[in-house]
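*Asks:* If it helps, the file is called model_17.txt and holds compact mmCIF, C-alpha atoms:
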```txt
# COMPACT_ATOMS: atom_id res chain seq x y z
CA MET M 9 96.99 116.85 150.05
CA SER M 10 97.07 120.41 148.76
CA SER M 11 94.95 121.83 145.96
CA ILE M 12 98.13 122.14 143.86
CA ASP M 13 98.74 118.40 144.27
CA LEU M 14 95.20 117.70 143.07
CA LEU M 15 95.71 119.99 140.08
CA GLU M 16 98.97 118.22 139.28
CA ILE M 17 97.31 114.82 139.43
CA ALA M 18 94.45 116.00 137.19
CA ALA M 19 96.90 117.50 134.71
CA ALA M 20 98.96 114.30 134.68
CA VAL M 21 95.88 112.12 134.08
CA ILE M 22 94.71 114.24 131.14
CA ALA M 23 98.22 114.53 129.67
CA LEU M 24 98.79 110.78 129.94
CA LEU M 25 95.49 110.00 128.19
CA ILE M 26 96.26 112.49 125.39
CA ALA M 27 99.73 110.98 124.94
CA ILE M 28 98.90 107.27 124.99
CA ILE M 29 95.57 107.40 123.16
CA GLY M 30 96.94 109.60 120.37
CA HIS M 31 99.97 107.31 120.15
CA GLU M 32 97.75 104.29 119.41
CA ILE M 33 95.40 106.15 117.08
CA MET M 34 98.36 107.20 114.94
CA HIS M 35 99.39 103.55 114.45
CA GLY M 36 95.90 102.75 113.19
CA TRP M 37 95.62 105.91 111.11
CA VAL M 38 98.87 105.31 109.21
CA ALA M 39 97.91 101.68 108.69
CA TYR M 40 94.56 102.90 107.34
CA LYS M 41 96.41 105.07 104.82
CA TYR M 42 98.02 101.85 103.57
CA GLY M 43 94.65 100.19 103.07
CA ASP M 44 94.27 98.48 106.46
CA ASN M 45 90.72 99.10 107.73
CA THR M 46 91.10 96.94 110.86
CA ALA M 47 91.36 99.76 113.39
CA LYS M 48 88.68 101.82 111.65
CA ASP M 49 86.23 98.92 111.45
CA GLN M 50 86.71 98.19 115.16
CA GLY M 51 86.09 101.83 116.10
CA ARG M 52 89.65 102.38 117.29
CA LEU M 53 90.33 105.60 115.37
CA THR M 54 88.08 107.54 117.73
CA ILE M 55 89.34 109.89 120.45
CA ASN M 56 86.83 108.42 122.92
CA PRO M 57 89.12 107.37 125.81
CA LEU M 58 86.84 104.52 126.90
CA THR M 59 87.65 102.74 123.64
CA HIS M 60 91.38 102.82 124.28
CA ILE M 61 91.86 102.49 128.04
CA ASP M 62 93.75 99.38 129.10
CA PRO M 63 92.99 98.39 132.72
CA VAL M 64 96.62 97.60 133.43
CA GLY M 65 98.56 100.03 131.25
CA SER M 66 96.22 103.01 131.51
CA VAL M 67 95.10 102.63 135.12
CA LEU M 68 97.07 100.24 137.32
CA VAL M 69 100.61 101.02 136.16
CA PRO M 70 100.25 104.85 136.29
CA LEU M 71 98.47 104.54 139.65
CA MET M 72 101.20 102.42 141.20
CA THR M 73 104.16 104.29 139.73
CA TYR M 74 103.02 107.90 139.94
CA PHE M 75 99.68 108.73 141.50
CA LEU M 76 99.79 106.42 144.54
CA PRO M 77 103.02 107.94 145.90
CA MET M 78 101.47 111.41 145.59
CA LEU M 79 98.28 110.30 147.32
CA LEU M 80 100.40 108.93 150.18
CA GLY M 81 102.20 112.24 150.55
CA ALA M 82 105.48 111.20 148.94
CA ALA M 83 107.16 112.61 145.87
CA SER M 84 105.57 111.53 142.61
CA GLY M 85 107.11 108.54 140.92
CA PHE M 86 108.09 107.85 137.33
CA ILE M 87 104.94 108.16 135.26
CA PHE M 88 104.53 105.55 132.58
CA GLY M 89 101.64 103.78 130.89
CA TRP M 90 100.07 102.64 127.67
CA ALA M 91 96.69 102.36 125.96
CA LYS M 92 95.08 99.26 124.49
CA PRO M 93 97.07 98.46 121.33
CA VAL M 94 95.31 99.37 118.10
CA PRO M 95 94.88 96.31 115.85
CA VAL M 96 96.88 96.44 112.64
CA ASN M 97 96.85 93.95 109.77
CA THR M 98 100.54 94.02 108.95
CA HIS M 99 100.11 91.83 105.86
CA THR M 100 97.81 94.43 104.30
CA VAL M 101 100.22 97.26 105.13
CA ILE M 102 103.19 95.37 103.67
CA ARG M 103 101.22 94.37 100.58
CA ASN M 104 100.34 98.00 99.86
CA GLY M 105 103.34 99.86 101.26
CA GLY M 106 106.09 97.31 101.58
CA TYR M 107 108.32 97.15 104.64
CA ASN M 108 108.71 100.93 104.48
CA GLY M 109 104.98 101.21 105.14
CA ALA M 110 105.25 98.81 108.07
CA MET M 111 108.13 100.84 109.49
CA GLN M 112 106.07 104.02 109.20
CA VAL M 113 103.23 102.36 111.11
CA SER M 114 105.72 101.31 113.79
CA LEU M 115 107.09 104.84 114.21
CA ALA M 116 103.76 106.69 113.88
CA GLY M 117 103.06 106.74 117.61
CA ILE M 118 106.57 107.91 118.44
CA ALA M 119 106.29 110.67 115.83
CA TYR M 120 103.05 111.79 117.48
CA ASN M 121 104.69 111.89 120.92
CA ILE M 122 107.69 113.84 119.60
CA PHE M 123 105.39 116.32 117.88
CA LEU M 124 103.34 116.85 121.04
CA ALA M 125 106.48 117.22 123.14
CA THR M 126 107.90 119.79 120.72
CA LEU M 127 104.63 121.74 120.60
CA SER M 128 104.39 121.65 124.40
CA SER M 129 107.93 122.97 124.77
CA VAL M 130 107.19 125.89 122.42
CA ILE M 131 104.06 126.77 124.41
CA LEU M 132 105.83 126.34 127.75
CA LEU M 133 108.68 128.63 126.77
CA SER M 134 106.16 131.32 125.85
CA LEU M 135 104.38 131.14 129.22
CA ALA M 136 105.29 133.00 132.38
CA GLN M 137 105.71 130.88 135.47
CA PRO M 138 102.55 130.96 137.62
CA THR M 139 102.47 133.25 140.64
CA GLU M 140 100.04 133.62 143.53
CA ALA M 141 98.32 136.38 141.55
CA ASP M 142 97.38 133.96 138.76
CA GLY M 143 94.09 132.13 138.80
CA ILE M 144 93.62 128.40 139.15
CA GLY M 145 92.85 128.10 135.43
CA TYR M 146 96.26 129.44 134.40
CA LEU M 147 98.03 127.24 136.95
CA PHE M 148 96.24 124.16 135.65
CA PHE M 149 97.06 125.02 132.03
CA TYR M 150 100.73 125.52 132.93
CA LEU M 151 100.85 122.17 134.75
CA LEU M 152 99.09 120.45 131.85
CA ILE M 153 101.64 121.71 129.32
CA MET M 154 104.49 120.64 131.62
CA LYS M 155 103.02 117.16 131.96
CA LEU M 156 102.39 116.89 128.22
CA LEU M 157 106.02 117.72 127.56
CA LEU M 158 107.41 115.28 130.10
CA ILE M 159 105.07 112.35 129.42
CA ASN M 160 105.45 112.53 125.65
CA VAL M 161 109.23 112.62 125.92
CA ILE M 162 109.13 109.60 128.25
CA LEU M 163 106.89 107.66 125.88
CA ALA M 164 109.01 108.53 122.84
CA VAL M 165 112.22 107.44 124.57
CA PHE M 166 110.73 104.21 125.91
CA ASN M 167 109.18 103.22 122.60
CA LEU M 168 112.39 103.88 120.69
CA LEU M 169 114.18 101.27 122.78
CA PRO M 170 114.52 97.93 120.93
CA ILE M 171 112.50 96.10 123.56
CA PRO M 172 110.39 93.15 122.37
CA SER M 173 106.79 94.18 121.56
CA PHE M 174 107.72 97.90 121.65
CA ASP M 175 107.71 100.18 118.61
CA GLY M 176 111.50 100.29 118.38
CA ALA M 177 111.62 96.50 118.12
CA HIS M 178 108.84 96.44 115.52
CA PHE M 179 110.78 98.97 113.44
CA LEU M 180 113.94 96.83 113.60
CA ILE M 181 111.96 93.74 112.62
CA TYR M 182 110.65 95.33 109.42
CA LEU M 183 113.98 97.00 108.70
CA SER M 184 115.75 93.64 108.96
CA LEU M 185 113.13 91.94 106.79
CA LYS M 186 113.54 94.66 104.19
CA TYR M 187 117.22 93.79 103.92
CA ARG M 188 116.58 90.04 104.31
CA ILE M 189 118.28 89.74 107.71
CA SER M 190 115.73 87.27 109.02
CA LYS M 191 117.60 86.30 112.19
CA VAL M 192 116.86 89.73 113.73
CA ALA M 193 113.14 89.30 113.12
CA GLU M 194 113.27 85.73 114.47
CA PHE M 195 115.02 86.92 117.64
CA PHE M 196 112.42 89.57 118.42
CA ALA M 197 109.56 87.19 117.61
CA LYS M 198 110.89 84.68 120.15
CA ALA M 199 111.60 87.38 122.73
CA GLU M 200 108.24 89.18 122.43
CA PRO M 201 106.63 87.45 125.48
CA TYR M 202 109.45 88.80 127.66
CA GLY M 203 109.13 92.48 126.78
CA MET M 204 107.48 93.49 130.06
CA ILE M 205 110.13 91.59 132.04
CA VAL M 206 112.82 93.57 130.23
CA ILE M 207 111.02 96.83 131.09
CA ILE M 208 110.83 95.88 134.77
CA ILE M 209 114.52 94.97 134.83
CA ILE M 210 115.41 98.31 133.27
CA LEU M 211 113.26 100.30 135.71
CA VAL M 212 114.49 98.59 138.89
CA THR M 213 118.19 98.46 138.04
CA PRO M 214 120.87 101.05 137.23
CA LEU M 215 120.23 100.30 133.55
CA LYS M 216 117.48 102.92 133.64
CA ILE M 217 120.07 105.69 133.99
CA PRO M 218 121.86 105.30 130.61
CA LEU M 219 118.89 103.80 128.75
CA VAL M 220 116.07 106.01 130.00
CA ILE M 221 117.03 108.87 132.34
CA TRP M 222 119.90 110.29 130.29
CA PRO M 223 118.02 110.22 126.96
CA ILE M 224 114.97 111.85 128.58
CA GLU M 225 117.11 114.57 130.16
CA THR M 226 118.93 115.14 126.85
CA VAL M 227 115.69 115.53 124.88
CA LEU M 228 114.18 117.83 127.50
CA HIS M 229 117.33 119.97 127.45
CA LEU M 230 117.20 120.24 123.65
CA LEU M 231 113.52 121.21 123.70
CA LEU M 232 113.80 123.78 126.46
CA HIS M 233 117.02 125.55 125.39
```
Could you write out this structure as structure tokens?
*Replies:*
Amino acid sequence: MSSIDLLEIAAAVIALLIAIIGHEIMHGWVAYKYGDNTAKDQGRLTINPLTHIDPVGSVLVPLMTYFLPMLLGAASGFIFGWAKPVPVNTHTVIRNGGYNGAMQVSLAGIAYNIFLATLSSVILLSLAQPTEADGIGYLFFYLLIMKLLLINVILAVFNLLPIPSFDGAHFLIYLSLKYRISKVAEFFAKAEPYGMIVIIIILVTPLKIPLVIWPIETVLHLLLH
């Protein structure tokens, strides 16, 4: 494995942690603004990564889908992961902010990822592509910004999908409750245990092309042109 591969892996690890940890903190922070102290009281509004790392979502899934192929000398896979969900007392949020407050909590992580992706694209467009004359520090910074852009776009697209237990589904639940369309909320509540199965089906079938690949490519094109 080359030194560039090692730099790319390091950049991807750091970018993934920044993306998924910030995503969860934003859920808790917006909930806190609506009077919910749950995340704050449990120490989950900290940027300490050890507080947020999920053994499966933050380690195993990224390792199996992205880093392991690189370590074996193959092309890197499709990087994806998540942090330990931040606890939110939805009843408190709804009591203080109504369903609009609950929808804002649901979209807070996605908003964070979109902001980071946009900021990364602005920085990336201002940077010159690394050459052999550039030092290792500049190469690492360039790779880090690239990974921040890509990973945050991936997370935003995935979480916008109305998949049970994902942010997009939570948003639809509170939107439907706001307009008293209870059957939508009931459907997602019953389907929540099957969210990961839906994700696996999407990733291993051609469904990933229209649902994931095309939206990611569209967003990246908009940000980089």
*Asks:* Would you mind reading off the distance between atom CA of Leu168 of chain M and atom CA of Ala116 of chain M, one decimal, in Å?
*Replies:*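 Pair atom CA of Leu168 of chain M / atom CA of Ala116 of chain M returns 11.3 Å.
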*Asks:* Residues within 9 Å of (93.3, 109.4, 112.6), file coordinates, counting only C-alpha atoms: what are they? Give the list as a list in words.
*Replies:*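 Within the cut-off we find Gly30, Ile33, Met34, His35, Gly36, Trp37, Val38, Tyr40, Lys48, Leu53, Thr54 and Ile55 of chain M.
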*Asks:* Could you check the closest approach to Lys186 of chain M for each of M:Pro63, M:Gly105, M:Pro95, M:Pro138 and tell me which residue wins, using only C-alpha atoms?
*Replies:* M:Gly105
*Asks:* Of the residues M:Val64, M:Ala91, M:Ile210, M:Leu180, which is the one nearest to Met111 of chain M, using all atoms listed in the file?
*Replies:*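 Selected residue with least distance to Met111 of chain M: M:Leu180.
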*Asks:* If the box runs along x, y and z of the file and leaves 8 Å on each side of segment 216-222 of chain M, what are its centre and edge lengths in Å, one decimal, as lines of an AutoDock Vina configuration file?
*Replies:*
```
center_x = 119.0
center_y = 106.6
center_z = 131.4
size_x = 21.8
size_y = 23.4
size_z = 21.2
```
*Asks:* Atom CA of Pro170 of chain M to atom CA of Thr46 of chain M: how many Å, to one decimal?
*Replies:*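 We find that atom CA of Pro170 of chain M and atom CA of Thr46 of chain M lie 25.5 Å from each other.
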*Asks:* Excluding Pro172 of chain M and its own-chain neighbours fewer than 6 positions away, which residues fall within 8 Å of it when counting only C-alpha atoms? Please give them as a short mmCIF file (atom, residue, chain, number, x, y, z; two decimals) with C-alpha atoms, keeping the file's coordinate frame.
*Replies:*
```cif
data_model
loop_
_atom_site.label_atom_id
_atom_site.label_comp_id
_atom_site.auth_asym_id
_atom_site.auth_seq_id
_atom_site.Cartn_x
_atom_site.Cartn_y
_atom_site.Cartn_z
CA HIS M 178 108.84 96.44 115.52
CA PHE M 196 112.42 89.57 118.42
CA ALA M 197 109.56 87.19 117.61
CA ALA M 199 111.60 87.38 122.73
CA GLU M 200 108.24 89.18 122.43
CA PRO M 201 106.63 87.45 125.48
CA TYR M 202 109.45 88.80 127.66
CA GLY M 203 109.13 92.48 126.78
#
```
*Asks:* Counting only C-alpha atoms, which residue out of M:Ile159, M:Ile189, M:Ile205, M:Ile22 sits closest to Ser173 of chain M?
*Replies:*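 For Ser173 of chain M, the nearest of the candidates is M:Ile205.
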*Asks:* If we count only C-alpha atoms, what is near Leu68 of chain M at a cut-off of 12 Å, once residues fewer than 4 positions away on the same chain are taken out, given as an MDAnalysis selection string?
*Replies:* chainID M and resid 61:64 72:76 87:91
*Asks:* Grab the atom CA of Tyr150 of chain M to atom CA of Leu133 of chain M distance for me, in Å with one decimal place.
*Replies:*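 According to the coordinates, atom CA of Tyr150 of chain M and atom CA of Leu133 of chain M are separated by 10.5 Å.
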*Asks:* When you write segment 167-182 of chain M out from the block above, keep all heavy atoms and present the result as a compact mmCIF listing (two decimals), in the first residue's frame, please.
*Replies:*
```txt
# COMPACT_ATOMS: atom_id res chain seq x y z
N ASN M 167 -29.91 10.14 4.15
CA ASN M 167 -30.83 10.49 5.22
C ASN M 167 -32.09 11.18 4.73
O ASN M 167 -33.09 11.23 5.46
CB ASN M 167 -30.12 11.35 6.26
CG ASN M 167 -29.29 10.53 7.22
OD1 ASN M 167 -29.82 9.86 8.10
ND2 ASN M 167 -27.98 10.55 7.05
N LEU M 168 -32.06 11.71 3.53
CA LEU M 168 -33.27 12.31 2.96
C LEU M 168 -34.24 11.25 2.45
O LEU M 168 -35.43 11.53 2.27
CB LEU M 168 -32.91 13.27 1.82
CG LEU M 168 -32.49 14.68 2.25
CD1 LEU M 168 -31.94 15.46 1.06
CD2 LEU M 168 -33.66 15.43 2.88
N LEU M 169 -33.74 10.05 2.20
CA LEU M 169 -34.62 8.98 1.72
C LEU M 169 -35.63 8.62 2.81
O LEU M 169 -35.28 8.54 3.98
CB LEU M 169 -33.80 7.75 1.35
CG LEU M 169 -32.84 7.88 0.15
CD1 LEU M 169 -32.01 6.61 -0.01
CD2 LEU M 169 -33.61 8.16 -1.12
N PRO M 170 -36.88 8.38 2.43
CA PRO M 170 -37.91 8.03 3.43
C PRO M 170 -37.80 6.58 3.87
O PRO M 170 -38.73 5.78 3.69
CB PRO M 170 -39.21 8.33 2.69
CG PRO M 170 -38.87 8.07 1.25
CD PRO M 170 -37.45 8.51 1.07
N ILE M 171 -36.65 6.23 4.42
CA ILE M 171 -36.40 4.87 4.88
C ILE M 171 -36.70 4.81 6.38
O ILE M 171 -36.28 5.69 7.13
CB ILE M 171 -34.94 4.47 4.61
CG1 ILE M 171 -34.66 4.48 3.10
CG2 ILE M 171 -34.63 3.09 5.20
CD1 ILE M 171 -33.20 4.29 2.76
N PRO M 172 -37.43 3.80 6.83
CA PRO M 172 -37.76 3.72 8.26
C PRO M 172 -36.53 3.87 9.15
O PRO M 172 -35.49 3.26 8.88
CB PRO M 172 -38.36 2.31 8.38
CG PRO M 172 -38.93 2.03 7.04
CD PRO M 172 -38.01 2.70 6.05
N SER M 173 -36.66 4.69 10.18
CA SER M 173 -35.65 5.03 11.19
C SER M 173 -34.65 6.07 10.69
O SER M 173 -33.81 6.53 11.47
CB SER M 173 -34.90 3.79 11.70
OG SER M 173 -33.89 3.39 10.79
N PHE M 174 -34.72 6.48 9.41
CA PHE M 174 -33.84 7.52 8.90
C PHE M 174 -34.51 8.89 9.04
O PHE M 174 -35.71 9.00 9.24
CB PHE M 174 -33.48 7.24 7.43
CG PHE M 174 -32.30 6.33 7.27
CD1 PHE M 174 -32.27 5.09 7.87
CD2 PHE M 174 -31.20 6.70 6.50
CE1 PHE M 174 -31.20 4.24 7.73
CE2 PHE M 174 -30.12 5.86 6.35
CZ PHE M 174 -30.10 4.63 6.97
N ASP M 175 -33.70 9.93 8.91
CA ASP M 175 -34.21 11.30 9.12
C ASP M 175 -35.35 11.65 8.19
O ASP M 175 -36.30 12.33 8.58
CB ASP M 175 -33.07 12.31 8.95
CG ASP M 175 -32.00 12.15 10.01
OD1 ASP M 175 -32.28 11.54 11.06
OD2 ASP M 175 -30.87 12.62 9.79
N GLY M 176 -35.26 11.21 6.94
CA GLY M 176 -36.32 11.52 5.98
C GLY M 176 -37.65 10.94 6.41
O GLY M 176 -38.70 11.57 6.27
N ALA M 177 -37.62 9.72 6.97
CA ALA M 177 -38.85 9.10 7.47
C ALA M 177 -39.37 9.84 8.70
O ALA M 177 -40.58 10.05 8.84
CB ALA M 177 -38.59 7.63 7.80
N HIS M 178 -38.46 10.22 9.61
CA HIS M 178 -38.90 10.97 10.79
C HIS M 178 -39.58 12.27 10.39
O HIS M 178 -40.60 12.66 10.97
CB HIS M 178 -37.69 11.27 11.68
CG HIS M 178 -37.14 10.05 12.35
ND1 HIS M 178 -35.85 9.97 12.80
CD2 HIS M 178 -37.71 8.84 12.62
CE1 HIS M 178 -35.65 8.78 13.34
NE2 HIS M 178 -36.76 8.07 13.24
N PHE M 179 -39.00 12.95 9.40
CA PHE M 179 -39.60 14.20 8.92
C PHE M 179 -41.01 13.95 8.40
O PHE M 179 -41.96 14.70 8.72
CB PHE M 179 -38.73 14.81 7.83
CG PHE M 179 -39.35 16.01 7.16
CD1 PHE M 179 -39.30 17.26 7.75
CD2 PHE M 179 -40.01 15.88 5.94
CE1 PHE M 179 -39.88 18.36 7.15
CE2 PHE M 179 -40.59 16.98 5.33
CZ PHE M 179 -40.52 18.22 5.93
N LEU M 180 -41.20 12.89 7.60
CA LEU M 180 -42.52 12.60 7.05
C LEU M 180 -43.52 12.22 8.15
O LEU M 180 -44.70 12.54 8.04
CB LEU M 180 -42.41 11.46 6.03
CG LEU M 180 -41.76 11.81 4.69
CD1 LEU M 180 -41.71 10.58 3.79
CD2 LEU M 180 -42.50 12.94 4.00
N ILE M 181 -43.03 11.55 9.18
CA ILE M 181 -43.91 11.19 10.30
C ILE M 181 -44.49 12.45 10.95
O ILE M 181 -45.71 12.57 11.14
CB ILE M 181 -43.15 10.36 11.34
CG1 ILE M 181 -42.89 8.95 10.81
CG2 ILE M 181 -43.94 10.29 12.65
CD1 ILE M 181 -41.98 8.12 11.69
N TYR M 182 -43.62 13.40 11.27
CA TYR M 182 -44.09 14.61 11.95
C TYR M 182 -44.88 15.52 11.01
O TYR M 182 -45.82 16.19 11.44
CB TYR M 182 -42.92 15.37 12.57
CG TYR M 182 -42.17 14.52 13.58
CD1 TYR M 182 -40.80 14.32 13.48
CD2 TYR M 182 -42.86 13.90 14.62
CE1 TYR M 182 -40.12 13.53 14.39
CE2 TYR M 182 -42.19 13.10 15.54
CZ TYR M 182 -40.82 12.92 15.41
OH TYR M 182 -40.17 12.13 16.31
```
